>>> print(open('coords_14.cif').read())   # mmCIF, C-alpha atoms
data_data
#
loop_
_atom_site.label_atom_id
_atom_site.label_comp_id
_atom_site.auth_asym_id
_atom_site.auth_seq_id
_atom_site.Cartn_x
_atom_site.Cartn_y
_atom_site.Cartn_z
CA MET A 1 -23.08 -13.55 18.79
CA ARG A 2 -19.91 -13.91 20.83
CA SER A 3 -18.82 -16.99 18.93
CA SER A 4 -19.34 -15.27 15.56
CA HIS A 5 -17.21 -12.31 16.68
CA PHE A 6 -14.46 -14.73 17.70
CA ILE A 7 -14.60 -16.53 14.34
CA PHE A 8 -14.45 -13.26 12.39
CA PHE A 9 -11.53 -12.04 14.48
CA ARG A 10 -9.57 -15.27 14.03
CA VAL A 11 -10.29 -15.53 10.29
CA PHE A 12 -10.04 -11.86 9.29
CA GLY A 13 -8.81 -9.81 12.25
CA VAL A 14 -5.53 -11.56 13.07
CA PRO A 15 -4.17 -11.66 9.45
CA PHE A 16 -5.37 -8.09 8.88
CA LEU A 17 -3.62 -6.72 11.96
CA ARG A 18 -0.46 -8.68 11.14
CA ARG A 19 -0.28 -7.03 7.71
CA LEU A 20 -1.22 -3.58 9.01
CA LEU A 21 1.30 -3.38 11.88
CA PRO A 22 4.32 -2.55 9.64
CA SER A 23 2.36 0.32 8.08
CA PHE A 24 1.46 1.60 11.55
CA GLY A 25 5.11 1.45 12.56
CA PHE A 26 6.18 3.33 9.45
CA LEU A 27 3.46 5.95 10.01
CA LEU A 28 4.50 6.50 13.63
CA ALA A 29 8.15 6.83 12.61
CA LEU A 30 7.21 9.34 9.91
CA VAL A 31 5.15 11.43 12.34
CA TYR A 32 7.96 11.30 14.91
CA LEU A 33 10.58 12.47 12.41
CA SER A 34 8.26 15.13 10.96
CA ASP A 35 7.54 16.53 14.41
CA ALA A 36 11.02 18.03 14.52
CA VAL A 37 10.49 20.13 11.37
CA VAL A 38 6.71 20.60 11.18
CA ASP A 39 4.70 22.83 13.47
CA TRP A 40 1.41 20.93 13.50
CA THR A 41 -0.50 23.80 15.13
CA GLU A 42 0.73 26.22 12.49
CA LEU A 43 -0.16 23.75 9.75
CA ARG A 44 -3.64 23.40 11.21
CA GLU A 45 -4.06 27.19 11.31
CA ARG A 46 -2.85 27.42 7.71
CA LEU A 47 -5.51 24.94 6.63
CA GLN A 48 -8.07 27.08 8.44
CA THR A 49 -7.33 29.98 6.08
CA ASP A 50 -6.75 28.07 2.82
CA GLU A 51 -9.35 27.77 0.10
CA PRO A 52 -11.95 25.06 0.80
CA ILE A 53 -11.08 23.17 -2.38
CA ILE A 54 -7.38 23.08 -1.42
CA VAL A 55 -8.22 21.83 2.07
CA SER A 56 -10.58 19.21 0.61
CA LEU A 57 -8.07 17.94 -1.97
CA SER A 58 -5.23 17.78 0.58
CA LEU A 59 -7.20 15.90 3.22
CA THR A 60 -8.86 13.61 0.68
CA ALA A 61 -5.53 12.70 -0.94
CA VAL A 62 -3.93 11.77 2.40
CA ILE A 63 -6.97 9.83 3.59
CA LEU A 64 -7.23 7.98 0.26
CA ALA A 65 -3.53 7.07 0.50
CA TRP A 66 -4.10 5.58 3.96
CA GLY A 67 -7.22 3.84 2.65
CA LEU A 68 -5.13 2.16 -0.05
CA ILE A 69 -2.69 0.90 2.60
CA VAL A 70 -5.48 -0.46 4.81
CA GLY A 71 -7.30 -1.95 1.82
CA ARG A 72 -4.15 -3.73 0.67
CA ALA A 73 -3.79 -5.26 4.14
CA LEU A 74 -7.43 -6.40 4.10
CA ARG A 75 -7.68 -7.68 0.53
CA PRO A 76 -6.09 -11.13 1.09
CA ALA A 77 -8.84 -11.89 3.63
CA TRP A 78 -11.40 -12.16 0.82
CA GLN A 79 -9.31 -14.87 -0.90
CA GLN A 80 -9.39 -17.32 2.01
CA PRO A 81 -11.37 -20.57 1.71
CA THR A 82 -12.99 -19.83 5.09
CA TYR A 83 -14.41 -16.58 3.72
CA ARG A 84 -15.99 -18.43 0.80
CA PHE A 85 -17.74 -20.65 3.32
CA LEU A 86 -18.89 -17.71 5.45
CA SER A 87 -20.12 -15.78 2.41
CA ARG A 88 -22.64 -18.54 1.72
CA GLN A 89 -24.19 -18.24 5.19
CA PRO A 90 -27.52 -16.36 5.54
CA LEU A 91 -26.06 -13.45 7.51
CA PRO A 92 -27.50 -9.94 6.99
CA LEU A 93 -25.12 -7.14 6.05
CA TRP A 94 -25.50 -5.40 9.40
CA ARG A 95 -24.28 -8.58 11.14
CA TRP A 96 -21.19 -8.62 8.92
CA ALA A 97 -20.60 -4.94 9.67
CA VAL A 98 -20.90 -5.38 13.44
CA SER A 99 -18.55 -8.39 13.33
CA PHE A 100 -15.93 -6.49 11.31
CA LEU A 101 -16.13 -3.25 13.31
CA PRO A 102 -13.99 -4.21 16.36
CA PHE A 103 -10.80 -4.89 14.39
CA LEU A 104 -11.36 -2.79 11.27
CA SER A 105 -11.86 0.28 13.47
CA ILE A 106 -8.13 0.13 14.19
CA GLY A 107 -7.60 1.39 10.65
CA LEU A 108 -9.63 4.48 11.58
CA ILE A 109 -7.14 5.65 14.23
CA PRO A 110 -4.81 7.57 11.85
CA VAL A 111 -7.87 9.13 10.20
CA VAL A 112 -8.78 10.69 13.57
CA GLY A 113 -5.34 12.30 13.70
CA LEU A 114 -5.61 13.50 10.11
CA TRP A 115 -9.07 14.92 10.72
CA TRP A 116 -7.67 16.93 13.65
CA LEU A 117 -5.91 19.07 11.02
CA ALA A 118 -9.22 19.88 9.30
CA PRO A 119 -10.94 23.20 10.11
CA HIS A 120 -13.13 22.75 13.20
CA TYR A 121 -16.52 24.39 12.71
CA LEU A 122 -18.30 22.34 15.40
CA LYS A 123 -17.42 20.93 18.78
CA ALA A 124 -15.05 17.97 18.73
CA PRO A 125 -17.56 15.09 19.14
CA PHE A 126 -19.73 16.28 16.26
CA HIS A 127 -16.70 17.26 14.15
CA TYR A 128 -15.21 13.76 14.32
CA LEU A 129 -18.42 11.74 14.37
CA ALA A 130 -19.66 13.33 11.14
CA PHE A 131 -16.69 12.46 8.93
CA ILE A 132 -14.66 9.60 10.43
CA GLY A 133 -17.34 7.10 9.41
CA LEU A 134 -16.97 8.15 5.75
CA PHE A 135 -13.59 6.44 5.71
CA TRP A 136 -15.28 3.05 6.19
CA PRO A 137 -16.54 2.68 2.56
CA ILE A 138 -13.21 4.01 1.23
CA MET A 139 -11.28 1.42 3.22
CA LEU A 140 -13.53 -1.43 2.11
CA GLY A 141 -13.68 -0.25 -1.51
CA THR A 142 -9.90 -0.33 -1.85
CA SER A 143 -9.87 -3.90 -0.51
CA PHE A 144 -12.39 -5.21 -3.06
CA ARG A 145 -11.25 -6.57 -6.40
CA GLY A 146 -12.95 -5.93 -9.71
CA ALA A 147 -15.14 -3.09 -10.96
CA ILE A 148 -17.22 -2.95 -7.77
CA GLY A 149 -14.12 -2.04 -5.72
CA LEU A 150 -13.11 0.70 -8.15
CA VAL A 151 -16.63 2.16 -8.30
CA GLN A 152 -17.04 2.12 -4.53
CA THR A 153 -13.63 3.71 -3.94
CA VAL A 154 -14.19 6.51 -6.47
CA ALA A 155 -17.73 7.19 -5.27
CA ALA A 156 -16.81 7.21 -1.58
CA THR A 157 -13.73 9.39 -2.13
CA THR A 158 -15.67 11.89 -4.26
CA LEU A 159 -18.44 12.01 -1.66
CA PHE A 160 -15.90 12.68 1.08
CA ALA A 161 -14.24 15.51 -0.89
CA VAL A 162 -17.57 17.16 -1.74
CA LEU A 163 -18.81 17.00 1.86
CA VAL A 164 -15.56 18.52 3.15
CA ILE A 165 -16.04 21.50 0.82
CA ALA A 166 -19.70 21.85 1.82
CA TYR A 167 -18.72 21.56 5.49
CA THR A 168 -17.04 24.98 5.27
CA ARG A 169 -20.26 26.60 4.06
CA GLN A 170 -22.97 24.97 6.22
CA PRO A 171 -21.23 23.12 9.07
CA VAL A 172 -24.27 22.06 11.10
CA ALA A 173 -26.40 20.83 8.18
CA VAL A 174 -23.50 19.08 6.41
CA ALA A 175 -22.34 17.40 9.63
CA ALA A 176 -25.85 16.00 10.14
CA ILE A 177 -25.99 14.81 6.53
CA ALA A 178 -22.52 13.25 6.76
CA THR A 179 -23.48 11.41 9.97
CA LEU A 180 -26.64 10.04 8.35
CA ILE A 181 -24.71 8.95 5.23
CA SER A 182 -22.09 7.23 7.38
CA LEU A 183 -24.78 5.23 9.18
CA LEU A 184 -26.38 4.22 5.89
CA LEU A 185 -23.10 3.26 4.25
CA PHE A 186 -21.93 1.30 7.31
CA PRO A 187 -23.70 -1.91 6.21
CA LEU A 188 -24.28 -1.07 2.53
CA SER A 189 -20.56 -0.71 1.78
CA LEU A 190 -20.17 -4.42 2.57
CA TYR A 191 -22.30 -5.42 -0.41
CA GLY A 192 -19.11 -6.04 -2.39
CA LEU A 193 -18.34 -8.95 -0.05
CA ARG A 194 -21.17 -10.91 -1.61
CA VAL A 195 -19.55 -10.91 -5.05
CA GLN A 196 -15.87 -11.21 -4.10
CA PRO A 197 -15.69 -15.02 -4.61
CA ALA A 198 -17.19 -14.62 -8.10
CA VAL A 199 -14.85 -11.71 -8.88
CA SER A 200 -11.81 -13.74 -7.75
CA ASN A 201 -12.83 -16.66 -9.99
CA SER A 202 -13.37 -14.31 -12.93
CA LEU A 203 -10.00 -12.63 -12.47
CA ALA A 204 -8.25 -15.96 -12.13
CA SER A 205 -9.76 -17.19 -15.41
CA ARG A 206 -8.55 -14.14 -17.31
CA SER A 207 -4.86 -14.88 -16.94
CA LEU A 208 -3.66 -12.99 -20.01
CA THR A 209 -5.82 -9.90 -20.55
CA ALA A 210 -4.45 -6.69 -22.04
CA ASN A 211 -4.18 -5.13 -18.58
CA SER A 212 -2.28 -8.10 -17.16
CA ARG A 213 0.18 -8.01 -20.07
CA ILE A 214 0.84 -4.32 -19.55
CA VAL A 215 1.24 -4.79 -15.79
CA ALA A 216 3.61 -7.72 -16.33
CA ILE A 217 5.87 -5.73 -18.67
CA VAL A 218 5.90 -2.64 -16.44
CA ARG A 219 6.68 -4.78 -13.42
CA ARG A 220 9.50 -6.48 -15.33
CA ASP A 221 11.03 -3.13 -16.35
CA LEU A 222 10.88 -1.66 -12.85
CA LEU A 223 12.23 -4.81 -11.21
CA CYS A 224 15.06 -4.92 -13.74
CA LEU A 225 15.95 -1.33 -12.91
CA TRP A 226 15.82 -1.91 -9.15
CA ARG A 227 17.78 -5.16 -9.16
CA THR A 228 20.51 -4.14 -11.61
CA ASN A 229 21.02 -0.46 -10.83
CA ARG A 230 19.65 0.17 -7.38
CA ARG A 231 22.32 2.73 -6.60
CA SER A 232 21.26 4.98 -9.49
CA VAL A 233 17.65 4.79 -8.33
CA LEU A 234 18.65 5.90 -4.84
CA TYR A 235 20.85 8.67 -6.22
CA SER A 236 17.93 9.94 -8.31
CA LEU A 237 16.03 10.60 -5.09
CA VAL A 238 18.53 13.27 -4.07
CA PRO A 239 17.49 16.05 -6.54
CA ALA A 240 13.82 15.12 -6.09
CA THR A 241 14.09 15.39 -2.29
CA LEU A 242 15.98 18.69 -2.48
CA ALA A 243 13.39 20.09 -4.90
CA VAL A 244 10.53 19.20 -2.55
CA LEU A 245 12.37 20.74 0.42
CA PHE A 246 13.00 23.95 -1.52
CA MET A 247 9.32 24.09 -2.46
CA VAL A 248 8.30 23.68 1.17
CA ALA A 249 10.78 26.38 2.20
CA ALA A 250 9.46 28.74 -0.48
CA ARG A 251 5.92 28.27 0.81
CA VAL A 252 6.78 28.61 4.51
CA ASN A 253 9.31 31.45 4.32
CA GLY A 254 8.11 33.27 1.23
CA ASP A 255 4.84 34.70 0.04
CA SER A 256 4.51 32.82 -3.22
CA HIS A 257 1.01 32.49 -4.64
CA GLY A 258 -0.55 31.97 -8.03
CA ARG A 259 1.87 32.19 -10.94
CA ASP A 260 4.89 32.88 -8.71
CA ALA A 261 4.39 29.56 -6.92
CA PHE A 262 3.82 27.85 -10.28
CA VAL A 263 7.10 29.18 -11.70
CA ILE A 264 9.05 27.94 -8.66
CA ALA A 265 7.32 24.56 -8.81
CA SER A 266 8.01 24.15 -12.54
CA ILE A 267 11.71 24.91 -12.22
CA LEU A 268 12.12 22.59 -9.23
CA PHE A 269 10.20 19.85 -11.02
CA ALA A 270 12.49 20.16 -14.06
CA ILE A 271 15.51 19.72 -11.78
CA SER A 272 13.98 16.70 -10.00
CA VAL A 273 13.41 14.72 -13.24
CA LEU A 274 16.91 15.14 -14.70
CA PRO A 275 18.02 11.54 -13.84
CA VAL A 276 14.87 9.87 -15.27
CA TYR A 277 16.17 9.34 -18.82
CA HIS A 278 19.36 7.75 -17.54
CA LEU A 279 17.31 5.25 -15.50
CA LEU A 280 15.21 4.33 -18.54
CA SER A 281 18.36 3.78 -20.61
CA GLU A 282 19.63 1.35 -17.97
CA VAL A 283 16.54 -0.81 -18.49
CA ARG A 284 17.13 -0.88 -22.25
CA THR A 285 20.78 -1.80 -21.77
CA GLN A 286 20.02 -4.67 -19.42
CA LEU A 287 17.17 -6.21 -21.43
CA GLY A 288 18.60 -5.75 -24.93
CA ALA A 289 16.55 -7.43 -27.66
CA ASN A 290 14.17 -8.87 -25.04
CA PHE A 291 12.85 -5.39 -24.38
CA ALA A 292 10.04 -5.78 -26.96
CA ARG A 293 9.94 -8.75 -29.32
CA GLY A 294 7.52 -8.84 -32.21
CA SER A 295 6.51 -12.43 -31.40
CA TRP A 296 4.95 -11.41 -28.09
CA PRO A 297 1.09 -11.45 -27.92
CA ILE A 298 0.81 -7.71 -27.28
CA GLY A 299 -0.01 -4.85 -29.61
CA HIS A 300 2.23 -1.85 -30.11
CA SER A 301 -0.36 0.49 -28.56
CA GLU A 302 -0.35 -1.64 -25.41
CA ARG A 303 3.45 -1.75 -25.45
CA ALA A 304 3.49 2.05 -25.79
CA VAL A 305 1.35 2.32 -22.67
CA ALA A 306 3.70 -0.10 -20.93
CA LEU A 307 6.60 2.15 -21.99
CA ILE A 308 4.95 5.32 -20.71
CA LEU A 309 4.03 3.86 -17.31
CA PRO A 310 7.64 3.36 -16.02
CA THR A 311 8.40 6.96 -16.96
CA THR A 312 5.26 8.06 -15.15
CA THR A 313 6.21 5.94 -12.13
CA LEU A 314 9.59 7.68 -11.89
CA ILE A 315 8.21 11.19 -12.45
CA ALA A 316 4.90 11.08 -10.55
CA PRO A 317 6.27 11.02 -6.95
CA PRO A 318 8.35 14.24 -7.16
CA ALA A 319 5.66 15.93 -9.27
CA THR A 320 2.96 15.10 -6.72
CA ALA A 321 5.10 16.15 -3.75
CA ILE A 322 6.04 19.46 -5.38
CA ALA A 323 2.41 20.14 -6.38
CA VAL A 324 1.19 19.50 -2.83
CA ALA A 325 3.95 21.64 -1.32
CA GLY A 326 3.17 24.38 -3.83
CA SER A 327 -0.62 24.19 -3.53
CA SER A 328 -0.69 27.95 -3.01
CA MET A 329 -0.45 28.23 -6.82
CA GLY A 330 -4.21 27.64 -6.97
CA VAL A 331 -6.38 25.26 -8.97
CA TRP A 332 -5.81 26.79 -12.42
CA TRP A 333 -2.03 26.83 -12.19
CA ALA A 334 -2.13 23.34 -10.69
CA VAL A 335 -3.89 22.17 -13.87
CA VAL A 336 -1.16 23.83 -15.95
CA PHE A 337 1.48 22.14 -13.78
CA ILE A 338 -0.15 18.75 -14.40
CA ALA A 339 -0.14 19.48 -18.14
CA PHE A 340 3.56 20.39 -17.92
CA SER A 341 4.33 17.13 -16.10
CA THR A 342 2.40 15.17 -18.73
CA THR A 343 4.39 16.84 -21.50
CA VAL A 344 7.69 15.94 -19.86
CA VAL A 345 6.57 12.30 -19.48
CA SER A 346 5.57 12.01 -23.14
CA ALA A 347 8.70 13.84 -24.39
CA LEU A 348 11.14 11.71 -22.38
CA THR A 349 9.32 8.52 -23.39
CA ALA A 350 9.44 9.51 -27.06
CA LEU A 351 13.16 10.26 -26.77
CA PHE A 352 13.70 6.91 -25.08
CA ALA A 353 11.73 5.16 -27.86
CA SER A 354 14.00 6.70 -30.48
CA ASN A 355 16.98 5.34 -28.56
CA LEU A 356 15.62 1.79 -28.92
CA ASN A 357 16.52 1.67 -32.61
CA GLU A 358 19.54 3.97 -32.83
CA GLY A 359 21.26 2.77 -29.66
CA ALA A 360 22.91 6.13 -28.95
CA ASP A 361 23.04 7.59 -25.46
CA ARG A 362 20.91 10.72 -25.60
CA TYR A 363 21.15 11.84 -22.00
CA GLY A 364 22.43 15.26 -23.10
CA VAL A 365 19.49 15.60 -25.48
CA SER A 366 17.11 14.73 -22.63
CA LEU A 367 18.44 17.69 -20.64
CA TRP A 368 17.68 20.00 -23.58
CA VAL A 369 14.20 18.46 -23.90
CA ILE A 370 13.45 19.18 -20.24
CA LEU A 371 14.86 22.71 -20.55
CA LEU A 372 12.86 23.42 -23.71
CA ASN A 373 9.62 22.21 -22.12
CA THR A 374 10.29 24.35 -19.05
CA VAL A 375 10.91 27.47 -21.13
CA ILE A 376 7.75 26.88 -23.18
CA VAL A 377 5.52 26.45 -20.15
CA LEU A 378 6.92 29.60 -18.53
CA VAL A 379 6.69 31.75 -21.68
CA ALA A 380 3.53 30.53 -23.43
CA PRO A 381 0.12 31.81 -22.28
CA ALA A 382 -1.58 29.23 -20.07
CA GLY A 383 -4.73 29.17 -22.19
CA LEU A 384 -2.68 28.31 -25.29
CA TYR A 385 -0.31 25.91 -23.56
CA ILE A 386 -2.90 23.27 -22.59
CA PRO A 387 -4.16 22.70 -26.20
CA LEU A 388 -0.51 22.48 -27.29
CA VAL A 389 0.04 19.81 -24.67
CA ALA A 390 -2.81 17.71 -26.06
CA VAL A 391 -1.34 17.90 -29.57
CA ALA A 392 2.20 17.17 -28.35
CA VAL A 393 1.11 14.14 -26.32
CA ALA A 394 -0.85 12.71 -29.28
CA LEU A 395 2.13 13.15 -31.63
CA SER A 396 4.50 11.64 -29.06
CA LEU A 397 2.29 8.59 -28.63
CA ARG A 398 2.13 8.06 -32.37
CA TYR A 399 5.91 8.39 -32.64
CA ILE A 400 6.44 5.90 -29.77
CA ILE A 401 4.21 3.31 -31.46
CA GLY A 402 6.17 3.73 -34.70
CA GLN A 403 9.52 3.26 -32.96
CA LEU A 404 8.29 0.16 -31.14
CA ASP A 405 7.09 -1.26 -34.46
CA ARG A 406 10.54 -0.77 -35.98
CA PHE A 407 12.24 -2.29 -32.94
CA ALA A 408 9.98 -5.37 -32.98
CA ILE A 409 10.58 -5.93 -36.70
CA ARG A 410 14.35 -5.72 -36.30
CA HIS A 411 14.36 -8.29 -33.49
CA THR A 412 11.83 -10.75 -34.92
CA LYS A 413 13.42 -14.05 -35.93
CA VAL A 414 12.53 -15.11 -39.46
CA ARG A 415 12.08 -18.88 -39.82
#
>>> encode(input="coords_14.cif", output="structure tokens")
Amino acid sequence: MRSSHFIFFRVFGVPFLRRLLPSFGFLLALVYLSDAVVDWTELRERLQTDEPIIVSLSLTAVILAWGLIVGRALRPAWQQPTYRFLSRQPLPLWRWAVSFLPFLSIGLIPVVGLWWLAPHYLKAPFHYLAFIGLFWPIMLGTSFRGAIGLVQTVAATTLFAVLVIAYTRQPVAVAAIATLISLLLFPLSLYGLRVQPAVSNSLASRSLTANSRIVAIVRRDLLCLWRTNRRSVLYSLVPATLAVLFMVAARVNGDSHGRDAFVIASILFAISVLPVYHLLSEVRTQLGANFARGSWPIGHSERAVALILPTTTLIAPPATAIAVAGSSMGVWWAVVFIAFSTTVVSALTALFASNLNEGADRYGVSLWVILLNTVIVLVAPAGLYIPLVAVAVALSLRYIIGQLDRFAIRHTKVR
């Protein structure tokens, strides 16, 4: 048994810890800097009085984010030749789990700190023992490739969120159930290890799927933006950061709830996305005719998705940060805020698509587009606004596909 632990630590533990140490350093630096402006005890007391669904979503989002970091550090371990050899050995799942536990448990340390913020309904040992183990399948699921990793991650994250909500209603019973589930999932969550070599071979053989083409184009656009106009990207963080800070200040110092918090969040979000169109135009300027050629083996619907994703990548971080800081708006207004963000993404992408063929700088028009969307979401009834969003997004997508078709035809070489 001792020799197997040593082999597992040398093969998996050392590379895993080497990749995870930078993330630990960044996390410690973030906590240290936040300690000067965040009263952790007050934040914990605030979570005690918040709605259970808000507490569950907040804790689940942070824990899932850490799970993605740990999973990314662990994923290369499953691609090693040594793992392929070990996976063929007749070892039961519990033996794998016990061998992985000593070094993978290091990834659980930040979860203990995060779970300290959760409402305590039981004494500390039972409070932590019941839920810390639920992070194990999340961490492993994010490290697996293929459908099995996605299914395990979604299922484990949903289970965690549901149990956190139920924990506020029946603490003793839910803690016992969570402990039992953690013990059952401890070995079962490693089932994905059995199929990882086959999944890796399957993914390697599909070198040019629709998803890989979309990812390649999005990665090209974002790398082009970062390498050619890094200063503009950094400058765009200034209004986004100020908007998030104002939202935090409004929540801490004010008494904004419901629609009032939604109005503040919408206005701050509109301010934070003002530089996005300029960044997209920089990509078009740098790539020129190579932005989307008709000879490429990719359909216009796929290219439209690849055009929307960079816009979403630039808009999603400030939108998420503002929504979390303004969580006092409640679930319903949060849904409306998501719909508003989606509308802005589709509108700016459609405006950018029109610029592909006409070549004019429409930054001023983009400001009016953002302003118009903000006015509509603040004036229109919420029940009417969401159906309008669905129609607007569908029309924008159709328009984007048409503009990409025109652009590809214009830049296709006729032989």
>>> resolve_selection(input="coords_14.cif", expression="the PyMOL selection byres ((chain A and resi 74) around 12)", output="PyMOL selection string")
chain A and resi 11-20+67-73+75-80+100+103-104+107+139-145+193
>>> atom_distance(input="coords_14.cif", atom1="CA of Pro275 in chain A", atom2="CA of Ser236 in chain A")
5.8 Å
>>> residues_around(input="coords_14.cif", residues="Trp116 in chain A", least_positions_apart="6", cutoff="10 Å", atoms="all atoms listed in the file", output="list in words")
Trp40, Arg44, Pro110, Ala124, His127 and Tyr128 of chain A
>>> resolve_selection(input="coords_14.cif", expression="the PyMOL selection byres ((chain A and resi 338) around 10)", output="MDAnalysis selection string")
chainID A and resid 266 316 319:320 323 333:337 339:344 386
>>> write_last_selection(input="coords_14.cif", atoms="C-alpha atoms", output="mmCIF file, keeping the file's coordinate frame")
data_model
loop_
_atom_site.group_PDB
_atom_site.id
_atom_site.type_symbol
_atom_site.label_atom_id
_atom_site.label_comp_id
_atom_site.auth_asym_id
_atom_site.auth_seq_id
_atom_site.Cartn_x
_atom_site.Cartn_y
_atom_site.Cartn_z
ATOM 1 C CA SER A 266 8.010 24.150 -12.540
ATOM 2 C CA ALA A 316 4.900 11.080 -10.550
ATOM 3 C CA ALA A 319 5.660 15.930 -9.270
ATOM 4 C CA THR A 320 2.960 15.100 -6.720
ATOM 5 C CA ALA A 323 2.410 20.140 -6.380
ATOM 6 C CA TRP A 333 -2.030 26.830 -12.190
ATOM 7 C CA ALA A 334 -2.130 23.340 -10.690
ATOM 8 C CA VAL A 335 -3.890 22.170 -13.870
ATOM 9 C CA VAL A 336 -1.160 23.830 -15.950
ATOM 10 C CA PHE A 337 1.480 22.140 -13.780
ATOM 11 C CA ALA A 339 -0.140 19.480 -18.140
ATOM 12 C CA PHE A 340 3.560 20.390 -17.920
ATOM 13 C CA SER A 341 4.330 17.130 -16.100
ATOM 14 C CA THR A 342 2.400 15.170 -18.730
ATOM 15 C CA THR A 343 4.390 16.840 -21.500
ATOM 16 C CA VAL A 344 7.690 15.940 -19.860
ATOM 17 C CA ILE A 386 -2.900 23.270 -22.590
#
>>> resolve_selection(input="coords_14.cif", expression="the PyMOL selection byres ((chain A and resi 111) around 10)", output="list in words")
Leu59, Val62, Ile63, Trp66, Gly67, Ile106, Gly107, Leu108, Ile109, Pro110, Val112, Gly113, Leu114, Trp115, Trp116, Tyr128, Phe131, Ile132, Gly133 and Phe135 of chain A
>>> atom_distance(input="coords_14.cif", atom1="CA of Ile54 in chain A", atom2="CA of Phe269 in chain A")
20.3 Å
>>> closest_residue(input="coords_14.cif", among="A:Ile214, A:Gly149, A:Val345, A:Thr49", to="Thr312 in chain A", atoms="all atoms listed in the file")
A:Val345
>>> residues_around(input="coords_14.cif", residues="Ile53 in chain A", least_positions_apart="6", cutoff="12 Å", atoms="only C-alpha atoms", output="PyMOL selection string")
chain A and resi 47+59-61+161-169+327-328+330-332
>>> closest_residue(input="coords_14.cif", among="A:Pro137, A:Pro187, A:Gly402, A:Pro318", to="Leu242 in chain A", atoms="all atoms listed in the file")
A:Pro318
>>> atom_distance(input="coords_14.cif", atom1="CA of Ile308 in chain A", atom2="CA of Ala65 in chain A")
22.9 Å
>>> residues_around(input="coords_14.cif", residues="range 181-185 of chain A", least_positions_apart="2", cutoff="10 Å", atoms="all atoms listed in the file", output="mmCIF file with C-alpha atoms, in the frame of the given file")
data_model
loop_
_atom_site.group_PDB
_atom_site.id
_atom_site.type_symbol
_atom_site.label_atom_id
_atom_site.label_comp_id
_atom_site.auth_asym_id
_atom_site.auth_seq_id
_atom_site.Cartn_x
_atom_site.Cartn_y
_atom_site.Cartn_z
ATOM 1 C CA LEU A 129 -18.420 11.740 14.370
ATOM 2 C CA ALA A 130 -19.660 13.330 11.140
ATOM 3 C CA PHE A 131 -16.690 12.460 8.930
ATOM 4 C CA ILE A 132 -14.660 9.600 10.430
ATOM 5 C CA GLY A 133 -17.340 7.100 9.410
ATOM 6 C CA LEU A 134 -16.970 8.150 5.750
ATOM 7 C CA PHE A 135 -13.590 6.440 5.710
ATOM 8 C CA TRP A 136 -15.280 3.050 6.190
ATOM 9 C CA PRO A 137 -16.540 2.680 2.560
ATOM 10 C CA ALA A 156 -16.810 7.210 -1.580
ATOM 11 C CA LEU A 159 -18.440 12.010 -1.660
ATOM 12 C CA ALA A 175 -22.340 17.400 9.630
ATOM 13 C CA ALA A 176 -25.850 16.000 10.140
ATOM 14 C CA ILE A 177 -25.990 14.810 6.530
ATOM 15 C CA ALA A 178 -22.520 13.250 6.760
ATOM 16 C CA THR A 179 -23.480 11.410 9.970
ATOM 17 C CA PRO A 187 -23.700 -1.910 6.210
ATOM 18 C CA LEU A 188 -24.280 -1.070 2.530
ATOM 19 C CA SER A 189 -20.560 -0.710 1.780
ATOM 20 C CA LEU A 190 -20.170 -4.420 2.570
ATOM 21 C CA TYR A 191 -22.300 -5.420 -0.410
#
>>> residues_around(input="coords_14.cif", residues="range 221-233 of chain A", least_positions_apart="3", cutoff="12 Å", atoms="only C-alpha atoms", output="mmCIF file with C-alpha atoms, in the frame of the given file")
data_model
loop_
_atom_site.group_PDB
_atom_site.id
_atom_site.type_symbol
_atom_site.label_atom_id
_atom_site.label_comp_id
_atom_site.auth_asym_id
_atom_site.auth_seq_id
_atom_site.Cartn_x
_atom_site.Cartn_y
_atom_site.Cartn_z
ATOM 1 C CA ILE A 214 0.840 -4.320 -19.550
ATOM 2 C CA VAL A 215 1.240 -4.790 -15.790
ATOM 3 C CA ALA A 216 3.610 -7.720 -16.330
ATOM 4 C CA ILE A 217 5.870 -5.730 -18.670
ATOM 5 C CA VAL A 218 5.900 -2.640 -16.440
ATOM 6 C CA SER A 236 17.930 9.940 -8.310
ATOM 7 C CA LEU A 237 16.030 10.600 -5.090
ATOM 8 C CA VAL A 238 18.530 13.270 -4.070
ATOM 9 C CA PRO A 239 17.490 16.050 -6.540
ATOM 10 C CA ALA A 240 13.820 15.120 -6.090
ATOM 11 C CA VAL A 273 13.410 14.720 -13.240
ATOM 12 C CA PRO A 275 18.020 11.540 -13.840
ATOM 13 C CA VAL A 276 14.870 9.870 -15.270
ATOM 14 C CA TYR A 277 16.170 9.340 -18.820
ATOM 15 C CA HIS A 278 19.360 7.750 -17.540
ATOM 16 C CA LEU A 279 17.310 5.250 -15.500
ATOM 17 C CA LEU A 280 15.210 4.330 -18.540
ATOM 18 C CA SER A 281 18.360 3.780 -20.610
ATOM 19 C CA GLU A 282 19.630 1.350 -17.970
ATOM 20 C CA VAL A 283 16.540 -0.810 -18.490
ATOM 21 C CA ARG A 284 17.130 -0.880 -22.250
ATOM 22 C CA THR A 285 20.780 -1.800 -21.770
ATOM 23 C CA GLN A 286 20.020 -4.670 -19.420
ATOM 24 C CA LEU A 287 17.170 -6.210 -21.430
ATOM 25 C CA GLY A 288 18.600 -5.750 -24.930
ATOM 26 C CA ASN A 290 14.170 -8.870 -25.040
ATOM 27 C CA PHE A 291 12.850 -5.390 -24.380
ATOM 28 C CA ALA A 292 10.040 -5.780 -26.960
ATOM 29 C CA ARG A 303 3.450 -1.750 -25.450
ATOM 30 C CA ALA A 306 3.700 -0.100 -20.930
ATOM 31 C CA LEU A 307 6.600 2.150 -21.990
ATOM 32 C CA ILE A 308 4.950 5.320 -20.710
ATOM 33 C CA LEU A 309 4.030 3.860 -17.310
ATOM 34 C CA PRO A 310 7.640 3.360 -16.020
ATOM 35 C CA THR A 311 8.400 6.960 -16.960
ATOM 36 C CA THR A 312 5.260 8.060 -15.150
ATOM 37 C CA THR A 313 6.210 5.940 -12.130
ATOM 38 C CA LEU A 314 9.590 7.680 -11.890
#
